[in-house]
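Just entry.txt here, compact mmCIF, C-alpha atoms (C1' of nucleotides):
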# COMPACT_ATOMS: atom_id res chain seq x y z
CA MET F 52 -46.02 -23.64 -81.76
CA ILE F 53 -42.52 -24.05 -80.31
CA LEU F 54 -42.56 -23.50 -76.57
CA PRO F 55 -40.65 -20.26 -75.84
CA LEU F 56 -37.97 -19.95 -73.17
CA SER F 57 -40.36 -17.94 -71.01
CA TYR F 58 -42.54 -21.05 -70.64
CA TYR F 59 -39.75 -22.93 -68.87
CA GLN F 60 -38.83 -20.10 -66.54
CA ASN F 61 -41.97 -20.50 -64.43
CA GLU F 62 -40.90 -21.04 -60.82
CA ASP F 63 -43.54 -23.71 -60.17
CA VAL F 64 -41.83 -26.93 -61.29
CA VAL F 65 -44.73 -29.10 -60.12
CA PHE F 66 -47.17 -27.09 -62.21
CA LEU F 67 -44.90 -27.40 -65.23
CA ALA F 68 -44.45 -31.17 -64.79
CA ARG F 69 -48.23 -31.52 -65.00
CA ASP F 70 -48.54 -29.00 -67.81
CA LEU F 71 -45.96 -30.79 -69.96
CA LEU F 72 -48.31 -33.76 -70.39
CA GLY F 73 -49.62 -33.62 -73.96
CA LYS F 74 -46.82 -31.37 -75.22
CA SER F 75 -44.81 -32.62 -78.19
CA LEU F 76 -41.14 -33.55 -77.85
CA ILE F 77 -39.14 -33.61 -81.06
CA THR F 78 -35.56 -34.67 -81.82
CA ASN F 79 -33.57 -34.04 -84.97
CA ILE F 80 -30.66 -36.47 -84.82
CA GLY F 81 -28.44 -36.25 -87.89
CA GLY F 82 -31.35 -34.93 -89.94
CA THR F 83 -33.77 -37.63 -88.78
CA ILE F 84 -36.87 -36.25 -87.06
CA THR F 85 -38.63 -38.22 -84.33
CA ARG F 86 -41.76 -36.84 -82.75
CA ALA F 87 -43.61 -37.89 -79.60
CA VAL F 88 -46.14 -36.66 -77.07
CA ILE F 89 -45.08 -36.46 -73.42
CA ALA F 90 -47.08 -38.99 -71.41
CA GLU F 91 -45.31 -39.15 -68.04
CA THR F 92 -43.18 -36.72 -66.01
CA GLU F 93 -41.67 -36.23 -62.58
CA ALA F 94 -40.85 -32.91 -60.90
CA TYR F 95 -37.57 -32.44 -59.01
CA ALA F 96 -37.70 -29.34 -56.85
CA GLY F 97 -34.05 -28.36 -56.70
CA GLU F 98 -32.33 -27.40 -53.47
CA ILE F 99 -35.19 -28.31 -51.13
CA ASP F 100 -35.91 -31.75 -52.63
CA LYS F 101 -33.92 -34.66 -51.20
CA ALA F 102 -34.52 -36.66 -54.39
CA SER F 103 -32.92 -33.96 -56.57
CA HIS F 104 -29.31 -34.09 -57.70
CA ALA F 105 -29.14 -30.42 -56.69
CA TYR F 106 -30.44 -30.99 -53.15
CA GLY F 107 -28.86 -28.62 -50.67
CA GLY F 108 -27.55 -26.48 -53.53
CA ARG F 109 -25.09 -29.18 -54.59
CA ARG F 110 -23.24 -27.66 -57.51
CA THR F 111 -20.92 -29.99 -59.45
CA ASN F 112 -19.91 -30.53 -63.05
CA ARG F 113 -22.91 -32.77 -63.47
CA THR F 114 -25.52 -30.55 -61.80
CA GLU F 115 -24.22 -27.22 -63.13
CA VAL F 116 -26.69 -27.24 -66.03
CA MET F 117 -29.59 -27.48 -63.58
CA PHE F 118 -28.74 -24.00 -62.28
CA ARG F 119 -29.09 -22.42 -65.70
CA ALA F 120 -32.21 -20.51 -66.68
CA GLY F 121 -35.07 -22.82 -67.63
CA GLY F 122 -35.27 -24.13 -71.18
CA VAL F 123 -32.19 -26.34 -71.46
CA SER F 124 -31.74 -30.11 -71.36
CA TYR F 125 -30.17 -32.08 -68.52
CA VAL F 126 -29.13 -35.56 -69.66
CA TYR F 127 -27.18 -37.88 -67.38
CA LEU F 128 -26.15 -41.53 -67.24
CA CYS F 129 -28.06 -43.71 -64.80
CA TYR F 130 -27.08 -47.22 -63.64
CA GLY F 131 -24.14 -47.11 -66.02
CA MET F 132 -26.28 -47.67 -69.11
CA HIS F 133 -29.32 -45.42 -69.43
CA ASN F 134 -29.44 -41.80 -70.53
CA LEU F 135 -32.15 -39.93 -68.63
CA PHE F 136 -33.59 -36.75 -70.14
CA ASN F 137 -34.72 -33.85 -68.00
CA ILE F 138 -36.01 -30.38 -68.78
CA VAL F 139 -34.42 -27.65 -66.65
CA THR F 140 -36.98 -25.10 -65.44
CA GLY F 141 -37.19 -21.98 -63.31
CA PRO F 142 -35.12 -18.78 -63.31
CA GLU F 143 -31.33 -18.87 -63.43
CA GLY F 144 -29.91 -20.11 -60.12
CA ILE F 145 -32.99 -22.23 -59.26
CA PRO F 146 -32.07 -25.87 -60.10
CA HIS F 147 -35.50 -27.24 -60.93
CA ALA F 148 -35.80 -30.14 -63.38
CA ILE F 149 -38.48 -32.39 -64.85
CA LEU F 150 -37.69 -35.98 -65.77
CA ILE F 151 -39.45 -37.27 -68.88
CA ARG F 152 -40.51 -40.83 -68.03
CA GLY F 153 -42.79 -41.77 -70.90
CA ILE F 154 -43.90 -40.74 -74.38
CA ILE F 155 -46.40 -41.64 -77.06
CA LEU F 156 -44.60 -42.18 -80.35
CA GLU F 157 -46.08 -40.12 -83.18
CA ASP F 158 -43.61 -39.82 -86.05
CA GLY F 159 -40.21 -41.08 -87.11
CA ILE F 160 -41.30 -44.64 -86.36
CA GLU F 161 -38.67 -46.22 -88.59
CA SER F 162 -35.74 -44.50 -86.88
CA ALA F 163 -37.22 -45.30 -83.48
CA ARG F 164 -37.40 -48.97 -84.48
CA ASN F 165 -33.80 -48.93 -85.62
CA ARG F 166 -32.61 -47.38 -82.38
CA THR F 167 -34.53 -49.73 -80.09
CA GLY F 168 -34.66 -52.94 -82.13
CA LYS F 169 -38.36 -53.15 -81.30
CA ASN F 170 -41.28 -53.26 -83.71
CA LEU F 171 -42.72 -49.97 -82.48
CA GLN F 172 -46.01 -48.62 -83.81
CA LYS F 173 -47.35 -45.11 -84.28
CA GLY F 174 -49.31 -44.11 -81.20
CA GLN F 175 -47.52 -46.63 -79.00
CA LEU F 176 -46.81 -45.74 -75.37
CA ILE F 177 -43.11 -45.91 -74.51
CA GLU F 178 -42.72 -46.47 -70.75
CA GLY F 179 -39.64 -45.62 -68.72
CA PRO F 180 -37.08 -42.79 -68.90
CA GLY F 181 -34.35 -45.02 -70.35
CA ASN F 182 -36.63 -46.32 -73.08
CA THR F 183 -37.78 -42.77 -73.83
CA THR F 184 -34.27 -41.50 -74.60
CA LYS F 185 -33.39 -44.62 -76.54
CA THR F 186 -36.48 -44.21 -78.72
CA LEU F 187 -35.77 -40.54 -79.40
CA GLY F 188 -32.00 -40.92 -79.82
CA ILE F 189 -31.14 -38.67 -76.87
CA THR F 190 -27.71 -39.24 -75.28
CA ARG F 191 -25.40 -37.29 -72.99
CA GLU F 192 -24.15 -35.48 -76.09
CA HIS F 193 -27.43 -33.61 -75.87
CA ASN F 194 -26.82 -32.34 -72.35
CA GLY F 195 -27.13 -28.57 -71.90
CA LEU F 196 -28.86 -27.90 -75.22
CA LEU F 197 -31.30 -25.02 -75.54
CA LEU F 198 -34.78 -26.44 -76.08
CA THR F 199 -35.51 -23.77 -78.67
CA GLY F 200 -32.73 -25.03 -80.94
CA ASP F 201 -32.85 -27.28 -83.99
CA THR F 202 -31.81 -30.58 -82.34
CA LEU F 203 -34.20 -30.97 -79.43
CA TRP F 204 -37.33 -28.93 -78.85
CA LEU F 205 -40.90 -28.94 -77.57
CA GLU F 206 -44.12 -27.78 -79.16
CA ASP F 207 -47.59 -27.01 -77.92
CA ASN F 208 -49.90 -28.52 -80.52
CA GLY F 209 -53.08 -27.78 -78.64
CA ILE F 210 -53.46 -31.11 -76.88
CA VAL F 211 -55.13 -30.54 -73.52
CA ILE F 212 -55.28 -33.30 -70.92
CA ALA F 213 -58.35 -33.01 -68.69
CA PRO F 214 -57.58 -33.14 -64.94
CA GLU F 215 -59.56 -36.37 -64.57
CA ASN F 216 -57.27 -37.97 -67.14
CA ILE F 217 -54.09 -37.23 -65.17
CA VAL F 218 -52.81 -39.80 -62.69
CA VAL F 219 -50.78 -38.34 -59.80
CA SER F 220 -48.50 -40.51 -57.65
CA LYS F 221 -45.19 -40.58 -55.84
CA ARG F 222 -41.94 -40.73 -57.78
CA ILE F 223 -40.20 -43.94 -58.80
CA GLY F 224 -36.83 -45.09 -57.51
CA VAL F 225 -36.22 -42.32 -54.98
CA ASP F 226 -36.59 -44.22 -51.72
CA TYR F 227 -33.29 -42.70 -50.61
CA ALA F 228 -35.04 -39.32 -50.34
CA GLY F 229 -36.75 -39.93 -46.99
CA ASP F 230 -40.00 -38.00 -46.58
CA ASP F 231 -39.60 -36.44 -50.01
CA ALA F 232 -39.96 -39.88 -51.59
CA HIS F 233 -43.69 -39.61 -50.89
CA LEU F 234 -44.30 -36.26 -52.58
CA PRO F 235 -47.01 -36.46 -55.30
CA TYR F 236 -44.69 -35.27 -58.06
CA ARG F 237 -45.29 -37.92 -60.74
CA PHE F 238 -47.82 -37.23 -63.49
CA GLN F 239 -49.13 -39.60 -66.15
CA ILE F 240 -51.75 -39.42 -68.85
CA LYS F 241 -54.37 -42.01 -67.98
CA ASN F 242 -54.43 -44.98 -70.38
CA ASN F 243 -56.13 -44.46 -73.73
CA THR F 244 -57.25 -40.92 -73.05
CA LEU F 245 -55.14 -39.39 -75.81
CA LYS F 246 -56.81 -39.44 -79.21
C1' DG P 109 -7.46 -42.42 -55.09
C1' DC P 110 -10.99 -45.83 -53.79
C1' DC P 111 -15.62 -47.32 -52.95
C1' DT P 112 -20.57 -47.26 -53.09
C1' DG P 113 -24.76 -47.13 -55.20
C1' DG P 114 -27.85 -45.14 -58.47
C1' DA P 115 -34.32 -40.52 -61.08
C1' DT P 116 -33.36 -48.40 -65.11
C1' DC P 117 -34.52 -52.37 -67.89
C1' DC P 118 -35.17 -56.99 -69.03
C1' DA P 119 -34.88 -61.79 -68.68
C1' DT P 120 -35.33 -65.30 -65.26
C1' DT O 244 -34.92 -61.12 -58.16
C1' DG O 245 -30.57 -60.21 -60.04
C1' DG O 246 -27.23 -58.93 -63.62
C1' DA O 247 -25.55 -55.50 -66.81
C1' DT O 248 -22.36 -51.44 -66.57
C1' DC O 249 -19.87 -47.00 -65.33
C1' DC O 250 -19.42 -42.74 -63.39
C1' DA O 251 -20.57 -39.05 -59.84
C1' DG O 252 -19.95 -37.90 -55.37
C1' DG O 253 -18.37 -38.72 -50.82
C1' DC O 254 -14.83 -39.93 -47.96
C1' DC O 255 -10.13 -41.19 -46.89

Can you present the structure in this file as structure tokens?
Amino acid sequence: MILPLSYYQNEDVVFLARDLLGKSLITNIGGTITRAVIAETEAYAGEIDKASHAYGGRRTNRTEVMFRAGGVSYVYLCYGMHNLFNIVTGPEGIPHAILIRGIILEDGIESARNRTGKNLQKGQLIEGPGNTTKTLGITREHNGLLLTGDTLWLEDNGIVIAPENIVVSKRIGVDYAGDDAHLPYRFQIKNNTLK
DNA sequence: GCCTGGATCCAT
DNA sequence: TGGATCCAGGCC
């Protein structure tokens, strides 16, 4: 089942970051379908989160998409070379976002191999947000897309991750965020607990 | 306009 | 541990 827009408009971005584990993420790039299961996420709590691009209500060309109603993509360039894919959540005007940091590759293996130059296997864990977008073919051209469209979308295929199989920790690479750097907003599926 | 540094990755 | 690589955002 394709996740409906109402799913993304939940105001609890931390709940959603956890709930997205096990959901399927699918891209259709030039007619080529690649399918993966979300294995790692981080929540960014908008205006009140020093790690968020929208901290303090910062509204710029880049962050504008974060203020849209939940259910669109936010893709930006990091370190001059990596496209990072986020899911915008919450009601319009609330700039919540969830960074997708890892996936389990399920289908479209051949195209994923071509894009990464790696000998990827079905069921393989792809670690890191830059590697995730590279595997799926997501670039900044896919910024601001509705996640119910035909290019980039999510599905609930009934995979449920038990609480004891979810690892919670602080976020990566946000030391600049002061106290907020320690928030337990990173969620991962524990190794080998996905059939 | 210029300058700084970043929600990374990989080889060394 | 550092180099690649480039643009957003802050400050002048």

Non-local contacts of O:DG253 (12 Å; all atoms listed in the file; under 3 positions in same chain excluded) as a PDB file with C-alpha atoms (C1' of nucleotides), in the frame of the given file:
ATOM      1  C1'  DC P 110     -10.990 -45.830 -53.790  1.00  0.00           C
ATOM      2  C1'  DC P 111     -15.620 -47.320 -52.950  1.00  0.00           C
ATOM      3  C1'  DT P 112     -20.570 -47.260 -53.090  1.00  0.00           C
ATOM      4  C1'  DG P 113     -24.760 -47.130 -55.200  1.00  0.00           C
TER       5       DG P 113
END

Q.
When you look at stretch 246-249 of chain O with a cut-off of 12 Å (counting only C-alpha atoms (C1' of nucleotides)), what residues show up, excluding the ones that are within fewer than 5 positions of it in the same chain? I need them as JSON, numbers by chain.
A. {"F": [127, 128, 129, 130, 131, 132, 133], "P": [113, 114, 116, 117, 118, 119, 120]}

I need the chosen residues saved as a tab-separated table (two decimals), in the coordinates of the input, with C-alpha atoms (C1' of nucleotides).
chain	number	residue	atom	x	y	z
F	127	TYR	CA	-27.18	-37.88	-67.38
F	128	LEU	CA	-26.15	-41.53	-67.24
F	129	CYS	CA	-28.06	-43.71	-64.80
F	130	TYR	CA	-27.08	-47.22	-63.64
F	131	GLY	CA	-24.14	-47.11	-66.02
F	132	MET	CA	-26.28	-47.67	-69.11
F	133	HIS	CA	-29.32	-45.42	-69.43
P	113	DG	C1'	-24.76	-47.13	-55.20
P	114	DG	C1'	-27.85	-45.14	-58.47
P	116	DT	C1'	-33.36	-48.40	-65.11
P	117	DC	C1'	-34.52	-52.37	-67.89
P	118	DC	C1'	-35.17	-56.99	-69.03
P	119	DA	C1'	-34.88	-61.79	-68.68
P	120	DT	C1'	-35.33	-65.30	-65.26

Q) Please, what distance in Å, to one decimal, runs between atom CA of F:Ser124 and atom CA of F:Leu205? A) 11.1 Å

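Between atom CA of F:Ala68 and atom CA of F:Ala94 the interatomic distance comes to 5.6 Å.
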
Q) Rounded to one decimal in Å, what is the spacing between atom CA of F:Pro146 and atom CA of F:Lys74? A) 21.8 Å

Near chain P, 10 Å: chain F residue rows, closest pairs, all atoms listed in the file, as JSON lines:
{"residue": "F:Glu93", "atom": "CA", "partner": "P:DA115", "partner_atom": "C1'", "distance": 8.6}
{"residue": "F:Tyr95", "atom": "CA", "partner": "P:DA115", "partner_atom": "C1'", "distance": 9.0}
{"residue": "F:Ala102", "atom": "CA", "partner": "P:DA115", "partner_atom": "C1'", "distance": 7.7}
{"residue": "F:Ser103", "atom": "CA", "partner": "P:DA115", "partner_atom": "C1'", "distance": 8.1}
{"residue": "F:His104", "atom": "CA", "partner": "P:DA115", "partner_atom": "C1'", "distance": 8.8}
{"residue": "F:Tyr127", "atom": "CA", "partner": "P:DA115", "partner_atom": "C1'", "distance": 9.9}
{"residue": "F:Leu128", "atom": "CA", "partner": "P:DG114", "partner_atom": "C1'", "distance": 9.6}
{"residue": "F:Cys129", "atom": "CA", "partner": "P:DG114", "partner_atom": "C1'", "distance": 6.5}
{"residue": "F:Tyr130", "atom": "CA", "partner": "P:DG114", "partner_atom": "C1'", "distance": 5.6}
{"residue": "F:Gly131", "atom": "CA", "partner": "P:DG114", "partner_atom": "C1'", "distance": 8.6}
{"residue": "F:Met132", "atom": "CA", "partner": "P:DT116", "partner_atom": "C1'", "distance": 8.2}
{"residue": "F:His133", "atom": "CA", "partner": "P:DT116", "partner_atom": "C1'", "distance": 6.6}
{"residue": "F:Asn134", "atom": "CA", "partner": "P:DT116", "partner_atom": "C1'", "distance": 9.4}
{"residue": "F:Leu135", "atom": "CA", "partner": "P:DA115", "partner_atom": "C1'", "distance": 7.9}
{"residue": "F:Phe136", "atom": "CA", "partner": "P:DA115", "partner_atom": "C1'", "distance": 9.8}
{"residue": "F:Asn137", "atom": "CA", "partner": "P:DA115", "partner_atom": "C1'", "distance": 9.6}
{"residue": "F:Ile149", "atom": "CA", "partner": "P:DA115", "partner_atom": "C1'", "distance": 9.9}
{"residue": "F:Leu150", "atom": "CA", "partner": "P:DA115", "partner_atom": "C1'", "distance": 7.3}
{"residue": "F:Ile151", "atom": "CA", "partner": "P:DA115", "partner_atom": "C1'", "distance": 9.9}
{"residue": "F:Arg152", "atom": "CA", "partner": "P:DA115", "partner_atom": "C1'", "distance": 9.3}
{"residue": "F:Gly179", "atom": "CA", "partner": "P:DT116", "partner_atom": "C1'", "distance": 7.8}
{"residue": "F:Pro180", "atom": "CA", "partner": "P:DT116", "partner_atom": "C1'", "distance": 7.7}
{"residue": "F:Gly181", "atom": "CA", "partner": "P:DT116", "partner_atom": "C1'", "distance": 6.3}
{"residue": "F:Asn182", "atom": "CA", "partner": "P:DC117", "partner_atom": "C1'", "distance": 8.2}
{"residue": "F:Arg222", "atom": "CA", "partner": "P:DA115", "partner_atom": "C1'", "distance": 8.3}
{"residue": "F:Ile223", "atom": "CA", "partner": "P:DA115", "partner_atom": "C1'", "distance": 7.2}
{"residue": "F:Gly224", "atom": "CA", "partner": "P:DA115", "partner_atom": "C1'", "distance": 6.3}
{"residue": "F:Val225", "atom": "CA", "partner": "P:DA115", "partner_atom": "C1'", "distance": 6.6}
{"residue": "F:Tyr227", "atom": "CA", "partner": "P:DG114", "partner_atom": "C1'", "distance": 9.9}

Q: Considering all atoms listed in the file, return as a ChimeraX atom specification whatever protein or nucleic-acid residues lie within 10 Å of F:Glu62, sequence-local ones (same chain, fewer than 3 positions apart) excluded.
A: /F:58-59,65-67,96,121,140-142,145,147

Q | Selection: 9 Å around F:Thr199, all atoms listed in the file, excl. self and same-chain fewer than 5 positions, as an MDAnalysis selection string | A | chainID F and resid 53:56 122:123 204:205

Within 8 Å of F:Ile80, counting all atoms listed in the file, which residues show up once you throw out same-chain ones fewer than 4 positions away? Write them as a short mmCIF file (atom, residue, chain, number, x, y, z; two decimals) with C-alpha atoms, in the coordinates of the input, please.
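The resulting file, selection10.cif, is reproduced below:
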data_model
loop_
_atom_site.label_atom_id
_atom_site.label_comp_id
_atom_site.auth_asym_id
_atom_site.auth_seq_id
_atom_site.Cartn_x
_atom_site.Cartn_y
_atom_site.Cartn_z
CA ILE F 84 -36.87 -36.25 -87.06
CA GLY F 188 -32.00 -40.92 -79.82
CA THR F 202 -31.81 -30.58 -82.34
#

Starting from 5 Å padding per side, set up an axis-aligned box that covers all listed atoms of chain P and hand over centre and edge lengths in Å, one decimal, as lines of an AutoDock Vina configuration file.
center_x = -21.4
center_y = -52.9
center_z = -61.0
size_x = 37.9
size_y = 34.8
size_z = 26.1

Since fewer atoms than expected are present, regenerate N, CA and C atoms for stretch 150-184 of chain F and write them as a compact mmCIF listing (two decimals), in the frame of the given file.
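rebuild01.txt, written as the output of this step:
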# COMPACT_ATOMS: atom_id res chain seq x y z
N LEU F 150 -38.09 -34.75 -65.10
CA LEU F 150 -37.69 -35.98 -65.77
C LEU F 150 -38.82 -36.44 -66.69
N ILE F 151 -38.46 -36.74 -67.94
CA ILE F 151 -39.45 -37.27 -68.88
C ILE F 151 -39.40 -38.79 -68.80
N ARG F 152 -40.48 -39.40 -68.32
CA ARG F 152 -40.51 -40.83 -68.03
C ARG F 152 -41.28 -41.66 -69.04
N GLY F 153 -42.01 -40.99 -69.93
CA GLY F 153 -42.79 -41.77 -70.90
C GLY F 153 -43.30 -40.88 -72.02
N ILE F 154 -43.43 -41.49 -73.21
CA ILE F 154 -43.90 -40.74 -74.38
C ILE F 154 -44.85 -41.61 -75.19
N ILE F 155 -45.60 -40.94 -76.06
CA ILE F 155 -46.40 -41.64 -77.06
C ILE F 155 -45.76 -41.31 -78.41
N LEU F 156 -45.33 -42.36 -79.10
CA LEU F 156 -44.60 -42.18 -80.35
C LEU F 156 -45.55 -41.74 -81.46
N GLU F 157 -45.18 -40.65 -82.15
CA GLU F 157 -46.08 -40.12 -83.18
C GLU F 157 -45.49 -40.17 -84.59
N ASP F 158 -44.19 -39.91 -84.70
CA ASP F 158 -43.61 -39.82 -86.05
C ASP F 158 -42.13 -40.17 -85.99
N GLY F 159 -41.60 -40.63 -87.10
CA GLY F 159 -40.21 -41.08 -87.11
C GLY F 159 -40.13 -42.51 -86.59
N ILE F 160 -41.17 -43.29 -86.89
CA ILE F 160 -41.30 -44.64 -86.36
C ILE F 160 -40.12 -45.52 -86.79
N GLU F 161 -39.73 -45.36 -88.06
CA GLU F 161 -38.67 -46.22 -88.59
C GLU F 161 -37.35 -46.02 -87.84
N SER F 162 -36.99 -44.76 -87.60
CA SER F 162 -35.74 -44.50 -86.88
C SER F 162 -35.85 -44.97 -85.44
N ALA F 163 -37.02 -44.83 -84.85
CA ALA F 163 -37.22 -45.30 -83.48
C ALA F 163 -37.07 -46.83 -83.41
N ARG F 164 -37.57 -47.51 -84.42
CA ARG F 164 -37.40 -48.97 -84.48
C ARG F 164 -35.94 -49.34 -84.58
N ASN F 165 -35.22 -48.63 -85.45
CA ASN F 165 -33.80 -48.93 -85.62
C ASN F 165 -33.02 -48.72 -84.33
N ARG F 166 -33.37 -47.68 -83.60
CA ARG F 166 -32.61 -47.38 -82.38
C ARG F 166 -32.91 -48.37 -81.27
N THR F 167 -34.14 -48.87 -81.21
CA THR F 167 -34.53 -49.73 -80.09
C THR F 167 -34.51 -51.21 -80.44
N GLY F 168 -34.56 -51.54 -81.74
CA GLY F 168 -34.66 -52.94 -82.13
C GLY F 168 -36.02 -53.54 -81.85
N LYS F 169 -37.00 -52.66 -81.57
CA LYS F 169 -38.36 -53.15 -81.30
C LYS F 169 -39.28 -52.76 -82.45
N ASN F 170 -40.32 -53.53 -82.64
CA ASN F 170 -41.28 -53.26 -83.71
C ASN F 170 -42.32 -52.24 -83.24
N LEU F 171 -41.86 -51.01 -83.03
CA LEU F 171 -42.72 -49.97 -82.48
C LEU F 171 -43.78 -49.53 -83.48
N GLN F 172 -44.91 -49.08 -82.97
CA GLN F 172 -46.01 -48.62 -83.81
C GLN F 172 -46.33 -47.16 -83.51
N LYS F 173 -46.88 -46.48 -84.51
CA LYS F 173 -47.35 -45.11 -84.28
C LYS F 173 -48.43 -45.13 -83.20
N GLY F 174 -48.32 -44.19 -82.28
CA GLY F 174 -49.31 -44.11 -81.20
C GLY F 174 -49.00 -44.99 -80.01
N GLN F 175 -47.88 -45.72 -80.09
CA GLN F 175 -47.52 -46.63 -79.00
C GLN F 175 -46.94 -45.87 -77.80
N LEU F 176 -47.35 -46.32 -76.60
CA LEU F 176 -46.81 -45.74 -75.37
C LEU F 176 -45.44 -46.34 -75.08
N ILE F 177 -44.45 -45.47 -74.88
CA ILE F 177 -43.11 -45.91 -74.51
C ILE F 177 -42.96 -45.61 -73.02
N GLU F 178 -42.80 -46.64 -72.20
CA GLU F 178 -42.72 -46.47 -70.75
C GLU F 178 -41.29 -46.53 -70.26
N GLY F 179 -40.95 -45.63 -69.35
CA GLY F 179 -39.64 -45.62 -68.72
C GLY F 179 -38.72 -44.55 -69.30
N PRO F 180 -37.96 -43.87 -68.44
CA PRO F 180 -37.08 -42.79 -68.90
C PRO F 180 -35.95 -43.27 -69.78
N GLY F 181 -35.42 -44.48 -69.52
CA GLY F 181 -34.35 -45.02 -70.35
C GLY F 181 -34.86 -45.37 -71.73
N ASN F 182 -36.04 -45.97 -71.78
CA ASN F 182 -36.63 -46.32 -73.08
C ASN F 182 -37.01 -45.07 -73.87
N THR F 183 -37.41 -44.03 -73.17
CA THR F 183 -37.78 -42.77 -73.83
C THR F 183 -36.59 -42.18 -74.58
N THR F 184 -35.43 -42.09 -73.93
CA THR F 184 -34.27 -41.50 -74.60
C THR F 184 -33.76 -42.39 -75.73
